[in-house]
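Raw model19.pdb, PDB, C-alpha atoms:
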```pdb
ATOM      1  CA  MET Q   1      53.667  54.856  35.730  1.00  0.00           C
ATOM      2  CA  ILE Q   2      55.134  51.383  36.158  1.00  0.00           C
ATOM      3  CA  ASP Q   3      57.844  50.536  33.672  1.00  0.00           C
ATOM      4  CA  THR Q   4      60.381  47.760  33.084  1.00  0.00           C
ATOM      5  CA  PRO Q   5      62.933  48.774  35.761  1.00  0.00           C
ATOM      6  CA  ASP Q   6      60.178  48.769  38.411  1.00  0.00           C
ATOM      7  CA  ILE Q   7      58.962  45.317  37.387  1.00  0.00           C
ATOM      8  CA  THR Q   8      62.532  44.003  37.228  1.00  0.00           C
ATOM      9  CA  THR Q   9      63.261  45.361  40.693  1.00  0.00           C
ATOM     10  CA  ALA Q  10      60.097  43.768  42.093  1.00  0.00           C
ATOM     11  CA  ILE Q  11      61.015  40.403  40.585  1.00  0.00           C
ATOM     12  CA  PHE Q  12      64.566  40.704  41.963  1.00  0.00           C
ATOM     13  CA  VAL Q  13      63.269  41.534  45.448  1.00  0.00           C
ATOM     14  CA  MET Q  14      60.793  38.630  45.353  1.00  0.00           C
ATOM     15  CA  ALA Q  15      63.503  36.219  44.179  1.00  0.00           C
ATOM     16  CA  THR Q  16      65.773  37.446  46.975  1.00  0.00           C
ATOM     17  CA  GLY Q  17      63.047  36.772  49.535  1.00  0.00           C
ATOM     18  CA  PHE Q  18      62.425  33.258  48.209  1.00  0.00           C
ATOM     19  CA  ALA Q  19      66.159  32.500  48.071  1.00  0.00           C
ATOM     20  CA  VAL Q  20      66.713  33.659  51.649  1.00  0.00           C
ATOM     21  CA  SER Q  21      63.677  31.684  52.783  1.00  0.00           C
ATOM     22  CA  TRP Q  22      64.883  28.531  51.076  1.00  0.00           C
ATOM     23  CA  ALA Q  23      68.503  28.868  52.224  1.00  0.00           C
ATOM     24  CA  GLY Q  24      67.417  29.722  55.764  1.00  0.00           C
ATOM     25  CA  LEU Q  25      65.200  26.655  55.939  1.00  0.00           C
ATOM     26  CA  GLU Q  26      67.977  24.354  54.766  1.00  0.00           C
ATOM     27  CA  ILE Q  27      70.463  25.843  57.230  1.00  0.00           C
ATOM     28  CA  VAL Q  28      68.169  25.435  60.222  1.00  0.00           C
ATOM     29  CA  ARG Q  29      67.200  21.916  59.157  1.00  0.00           C
ATOM     30  CA  TRP Q  30      70.905  20.989  59.159  1.00  0.00           C
ATOM     31  CA  THR Q  31      71.032  22.152  62.770  1.00  0.00           C
ATOM     32  CA  GLY Q  32      68.088  19.926  63.724  1.00  0.00           C
ATOM     33  CA  TRP Q  33      65.140  22.347  63.632  1.00  0.00           C
ATOM     34  CA  ARG Q  34      61.748  20.989  62.570  1.00  0.00           C
ATOM     35  CA  GLU Q  35      58.717  22.888  61.319  1.00  0.00           C
ATOM     36  CA  PRO Q  36      56.711  24.504  64.116  1.00  0.00           C
ATOM     37  CA  ALA Q  37      53.562  22.960  65.462  1.00  0.00           C
ATOM     38  CA  MET Q  38      51.415  24.756  68.011  1.00  0.00           C
ATOM     39  CA  SER Q  39      51.283  21.650  70.229  1.00  0.00           C
ATOM     40  CA  ARG Q  40      55.099  21.520  70.356  1.00  0.00           C
ATOM     41  CA  ILE Q  41      55.807  25.174  71.085  1.00  0.00           C
ATOM     42  CA  SER Q  42      56.874  25.386  74.681  1.00  0.00           C
ATOM     43  CA  GLY Q  43      59.675  26.867  76.682  1.00  0.00           C
ATOM     44  CA  SER Q  44      60.796  30.306  77.630  1.00  0.00           C
ATOM     45  CA  PRO Q  45      59.424  33.433  75.967  1.00  0.00           C
ATOM     46  CA  VAL Q  46      62.806  33.910  74.265  1.00  0.00           C
ATOM     47  CA  LYS Q  47      62.627  30.431  72.704  1.00  0.00           C
ATOM     48  CA  ILE Q  48      59.049  30.982  71.564  1.00  0.00           C
ATOM     49  CA  GLY Q  49      59.967  34.395  70.114  1.00  0.00           C
ATOM     50  CA  ALA Q  50      62.966  32.925  68.271  1.00  0.00           C
ATOM     51  CA  GLU Q  51      60.796  30.123  66.894  1.00  0.00           C
ATOM     52  CA  LEU Q  52      58.189  32.584  65.633  1.00  0.00           C
ATOM     53  CA  ALA Q  53      60.828  34.913  64.120  1.00  0.00           C
ATOM     54  CA  LEU Q  54      62.422  31.984  62.319  1.00  0.00           C
ATOM     55  CA  ALA Q  55      59.065  30.781  61.025  1.00  0.00           C
ATOM     56  CA  ALA Q  56      58.292  34.326  59.845  1.00  0.00           C
ATOM     57  CA  MET Q  57      61.540  34.495  57.867  1.00  0.00           C
ATOM     58  CA  ILE Q  58      61.170  31.087  56.201  1.00  0.00           C
ATOM     59  CA  GLY Q  59      57.398  31.337  55.870  1.00  0.00           C
ATOM     60  CA  PRO Q  60      57.139  31.785  52.075  1.00  0.00           C
ATOM     61  CA  ARG Q  61      58.911  28.491  51.433  1.00  0.00           C
ATOM     62  CA  LEU Q  62      56.852  26.672  54.075  1.00  0.00           C
ATOM     63  CA  LEU Q  63      53.627  28.125  52.674  1.00  0.00           C
ATOM     64  CA  LEU Q  64      54.437  27.087  49.104  1.00  0.00           C
ATOM     65  CA  ALA Q  65      55.671  23.597  50.007  1.00  0.00           C
ATOM     66  CA  ASN Q  66      52.769  22.787  52.311  1.00  0.00           C
ATOM     67  CA  GLY Q  67      50.221  24.332  49.930  1.00  0.00           C
ATOM     68  CA  PHE Q  68      51.588  22.363  46.976  1.00  0.00           C
ATOM     69  CA  ARG Q  69      51.611  19.116  48.947  1.00  0.00           C
ATOM     70  CA  ASN Q  70      48.009  19.707  50.086  1.00  0.00           C
ATOM     71  CA  TRP Q  71      46.925  20.678  46.558  1.00  0.00           C
ATOM     72  CA  ARG Q  72      48.436  17.477  45.142  1.00  0.00           C
ATOM     73  CA  SER Q  73      46.635  15.379  47.762  1.00  0.00           C
ATOM     74  CA  GLY Q  74      43.313  17.136  47.055  1.00  0.00           C
ATOM     75  CA  VAL Q  75      42.944  18.934  50.387  1.00  0.00           C
ATOM     76  CA  VAL Q  76      43.348  22.414  48.844  1.00  0.00           C
ATOM     77  CA  SER Q  77      41.545  23.540  45.680  1.00  0.00           C
ATOM     78  CA  LEU Q  78      43.376  25.177  42.786  1.00  0.00           C
ATOM     79  CA  PRO Q  79      41.927  28.682  43.411  1.00  0.00           C
ATOM     80  CA  LEU Q  80      42.963  28.483  47.064  1.00  0.00           C
ATOM     81  CA  PHE Q  81      46.430  27.342  46.029  1.00  0.00           C
ATOM     82  CA  ALA Q  82      46.628  30.365  43.696  1.00  0.00           C
ATOM     83  CA  VAL Q  83      45.782  32.613  46.662  1.00  0.00           C
ATOM     84  CA  LEU Q  84      48.452  30.859  48.768  1.00  0.00           C
ATOM     85  CA  THR Q  85      50.974  31.437  45.993  1.00  0.00           C
ATOM     86  CA  ALA Q  86      50.094  35.132  45.815  1.00  0.00           C
ATOM     87  CA  VAL Q  87      50.417  35.465  49.600  1.00  0.00           C
ATOM     88  CA  ALA Q  88      53.786  33.672  49.502  1.00  0.00           C
ATOM     89  CA  ALA Q  89      54.961  36.016  46.723  1.00  0.00           C
ATOM     90  CA  GLY Q  90      53.968  39.098  48.715  1.00  0.00           C
ATOM     91  CA  TRP Q  91      55.528  37.670  51.865  1.00  0.00           C
ATOM     92  CA  SER Q  92      58.776  36.948  50.024  1.00  0.00           C
ATOM     93  CA  MET Q  93      58.806  40.517  48.705  1.00  0.00           C
ATOM     94  CA  CYS Q  94      58.603  41.814  52.276  1.00  0.00           C
ATOM     95  CA  SER Q  95      61.408  39.473  53.353  1.00  0.00           C
ATOM     96  CA  GLY Q  96      63.453  40.413  50.300  1.00  0.00           C
ATOM     97  CA  VAL Q  97      63.128  44.113  51.083  1.00  0.00           C
ATOM     98  CA  LEU Q  98      64.342  43.514  54.644  1.00  0.00           C
ATOM     99  CA  VAL Q  99      67.318  41.432  53.508  1.00  0.00           C
ATOM    100  CA  LEU Q 100      68.335  43.894  50.798  1.00  0.00           C
ATOM    101  CA  GLN Q 101      67.992  46.842  53.181  1.00  0.00           C
ATOM    102  CA  MET Q 102      70.248  45.055  55.680  1.00  0.00           C
ATOM    103  CA  ALA Q 103      72.760  44.379  52.905  1.00  0.00           C
ATOM    104  CA  PHE Q 104      72.748  48.014  51.789  1.00  0.00           C
ATOM    105  CA  ALA Q 105      72.984  49.280  55.375  1.00  0.00           C
ATOM    106  CA  SER Q 106      75.917  46.973  56.110  1.00  0.00           C
ATOM    107  CA  GLY Q 107      77.953  48.578  53.344  1.00  0.00           C
ATOM    108  CA  PHE Q 108      78.045  45.414  51.234  1.00  0.00           C
ATOM    109  CA  PHE Q 109      76.984  47.400  48.161  1.00  0.00           C
ATOM    110  CA  ARG Q 110      79.187  50.422  47.549  1.00  0.00           C
ATOM    111  CA  ALA Q 111      78.280  53.040  44.973  1.00  0.00           C
TER     112      ALA Q 111
END
```
Show this structure as structure tokens.
Amino acid sequence: MIDTPDITTAIFVMATGFAVSWAGLEIVRWTGWREPAMSRISGSPVKIGAELALAAMIGPRLLLANGFRNWRSGVVSLPLFAVLTAVAAGWSMCSGVLVLQMAFASGFFRA
């Protein structure tokens, strides 16, 4: 049975994922990073792996921002934008779980 603490925890985890995604994007933009494009990805396997890992971590924010921009310009329909929003929410939950597990494992939260 799903009750209020479960729903509250899920919302907290999703918000954590979105916050980390947003903060991560702003930090890497300050350092000069630009959004990935398949035509621009080149270099060593380490650089390509780092680029893909970074895009995976900040993906929910990129998906929402690009989906909203395309919806406003008429490229994406409203039902497709709703699907993109649901995917971004699920993706942020996965990211939020990883971040919170790292925080708990680091000893940041003491019981």
Inset, instruction - Take the PyMOL selection byres ((chain Q and resi 6-20) around 7), apply it to the structure above, and return the hits as a ChimeraX atom specification. - result: /Q:2-5,21-24,60-61,89,92-93,95-97
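In this comparison, which uses all atoms listed in the file, the residue of Q:Val46, Q:Met57, Q:Leu64, Q:Val76 approaching Cys94 of chain Q most closely is Q:Met57.
Going from atom CA of Trp71 of chain Q over to atom CA of Leu54 of chain Q, you cover 24.8 Å.
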Legend entry - Å distance separating atom CA of Val75 of chain Q from atom CA of Ala56 of chain Q, one decimal place: 23.7 Å
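Of the residues listed (Q:Trp91, Q:Gly74, Q:Leu25, Q:Gly32), Q:Leu25 shows the shortest atom-to-atom separation from Ile58 of chain Q; distances use only C-alpha atoms.
Residues surrounding Trp33 of chain Q within 12 Å are Gly24, Leu25, Glu26, Ile27, Val28, Arg29, Trp30, Thr31, Glu35, Pro36, Ala37, Ala50, Glu51, Leu54 and Ala55 of chain Q [all atoms listed in the file; sequence separation below 2 positions excluded].
For the residues Q:Val99, Q:Leu52, Q:Leu63, Q:Met1, ranking by smallest atom-to-atom distance to Val87 of chain Q using only C-alpha atoms places Q:Leu63 first.
You will find atom CA of Arg72 of chain Q at 17.6 Å from atom CA of Ala88 of chain Q.
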Once 5 Å is added on each side, what are the centre and the three edge lengths, in Å to one decimal, of the axis-aligned box enclosing the listed atoms of segment 48-57 of chain Q? Present them as lines of an AutoDock Vina configuration file.
```
center_x = 60.6
center_y = 32.5
center_z = 64.7
size_x = 14.8
size_y = 14.8
size_z = 23.7
```
